[in-house]
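Shown next, in structure tokens, is the structure this report addresses.
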Amino acid sequence: MAAKSTKNRSHPRMPVRLVEPFAAFSFEGDFAGERYAALVEFLAARARSASLVVRDGRLPGRAKKLYEGFLAAGAKAERRGEWPGTRLAEGEATVLVAPLTPVVSKFLATGAPALFAWCAPDRPEDLAFLDAAGTAVLETVAHERIGTLRLDRFDWDLWNADPLLGGDWRWKDHSNRLERV
């Protein structure tokens, strides 16, 4: 079955080899606007839930409205010392986890203009998409502007088939980190 896409797009293939059954790569560079919306759509079709984090004392106006909106969309709040991409040396934060329904997907796609805009103090932070086992398909550390994406071979090919997502990344300095060209 072909990937669901709202546009007919062509692109150059990204020359990256992945190891079966899946590969994880870190990336630098943000997904904003149309690319961010495409990212949410792509991940919503592959993940079962999404999470956001609120650290203590970081809920000014907009962040509080988004926190309450995520709860209203079906998120459950839990106190934890770690979440995808982060392990606190001490203390805990509120981790919100919601099943990926159409309402939650729309909330995530419209709640921020870009992936790394999910960052305190204006918004809950560190957006992650989780599979059925709770493993992060995407994890972010928004204030550091880095993320990690885990895709199997099939999803990697679908990723590269969409020029809004794939096609313009390169390996940075012979590392396992990708950056947008």
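Chain labels run A, B, ... following the order of the structure tokens; each chain numbers its residues from 1, and ligands are numbered from 1 in the order shown.
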Any idea what's packed within 10 Å of Asp155 of chain A, counting only C-alpha atoms, ignoring anything in its chain fewer than 3 positions away? Could you give it as a list in words? Ala3, Phe22, Phe42, Leu43, Arg46, Arg150, Leu151, Asp152, Leu158, Trp159, Asn160 and Ala161 of chain A
Give me a file of those residues, with C-alpha atoms, as a PDB file, in the first residue's frame.
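As a result, again09.pdb now contains:
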ATOM      1  CA  ALA A   3       2.024   6.173   1.561  1.00  0.00           C
ATOM      2  CA  PHE A  22      15.260  -0.968  11.731  1.00  0.00           C
ATOM      3  CA  PHE A  42       3.688  10.175   8.748  1.00  0.00           C
ATOM      4  CA  LEU A  43       4.272   9.323  12.420  1.00  0.00           C
ATOM      5  CA  ARG A  46       3.035   4.389  12.508  1.00  0.00           C
ATOM      6  CA  ARG A 150      13.576   4.944  14.365  1.00  0.00           C
ATOM      7  CA  LEU A 151      12.322   3.460  11.111  1.00  0.00           C
ATOM      8  CA  ASP A 152      12.261  -0.009   9.616  1.00  0.00           C
ATOM      9  CA  LEU A 158       8.232   5.637   2.461  1.00  0.00           C
ATOM     10  CA  TRP A 159      10.049   8.447   4.303  1.00  0.00           C
ATOM     11  CA  ASN A 160      12.367   8.952   1.348  1.00  0.00           C
ATOM     12  CA  ALA A 161       9.463   8.840  -1.106  1.00  0.00           C
TER      13      ALA A 161
END
Practice item. Could you give me, as a PyMOL selection string, the residues within 12 Å of Thr110 of chain A, counting only C-alpha atoms and dropping anything in the same chain fewer than 6 positions from it? Key: chain A and resi 32-34+36-38+40-41+66+69-70+103-104+117-118
- [ ] Could you please write out, as a PyMOL selection string, every residue of segment 81-169 of chain A that DSSP assigns to strand (DSSP E or B)?
- [x] chain A and resi 82-83+86-87+93-99+114+125-130+136-141+146-152+169
- Quick one: distance from atom CA of Leu71 of chain A to atom CA of Asp56 of chain A in Å, one decimal?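 Between atom CA of Leu71 of chain A and atom CA of Asp56 of chain A the gap is 16.7 Å.
Here the question is which of A:Ala72, A:Ala93, A:Leu39, A:Ala98 gets nearest to Val53 of chain A using only C-alpha atoms, and that residue is A:Ala93.
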**Request:** Could you tell me which of A:Val97, A:Pro60, A:Asp126, A:Leu108 comes closest to Glu78 of chain A if we count only C-alpha atoms?
**Result:**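 Of A:Val97, A:Pro60, A:Asp126, A:Leu108, the one nearest Glu78 of chain A, counting only C-alpha atoms, is A:Val97.
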From the list A:Phe107, A:Phe25, A:Tyr67, A:Phe31, the nearest residue to Arg123 of chain A using only C-alpha atoms is A:Tyr67
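Between atom CA of Thr86 of chain A and atom CA of Gly147 of chain A there is a distance of 11.1 Å.
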Set the distance at 9 Å and use only C-alpha atoms: which residues neighbour Arg79 of chain A once local chain neighbours fewer than 4 positions away are removed? I'd like the list as a PyMOL selection string.
chain A and resi 92-96
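When only C-alpha atoms are used to measure the gap to Gly29 of chain A, the shortest distance among A:Asp157, A:Pro163, A:Thr135, A:Leu115 belongs to A:Leu115.
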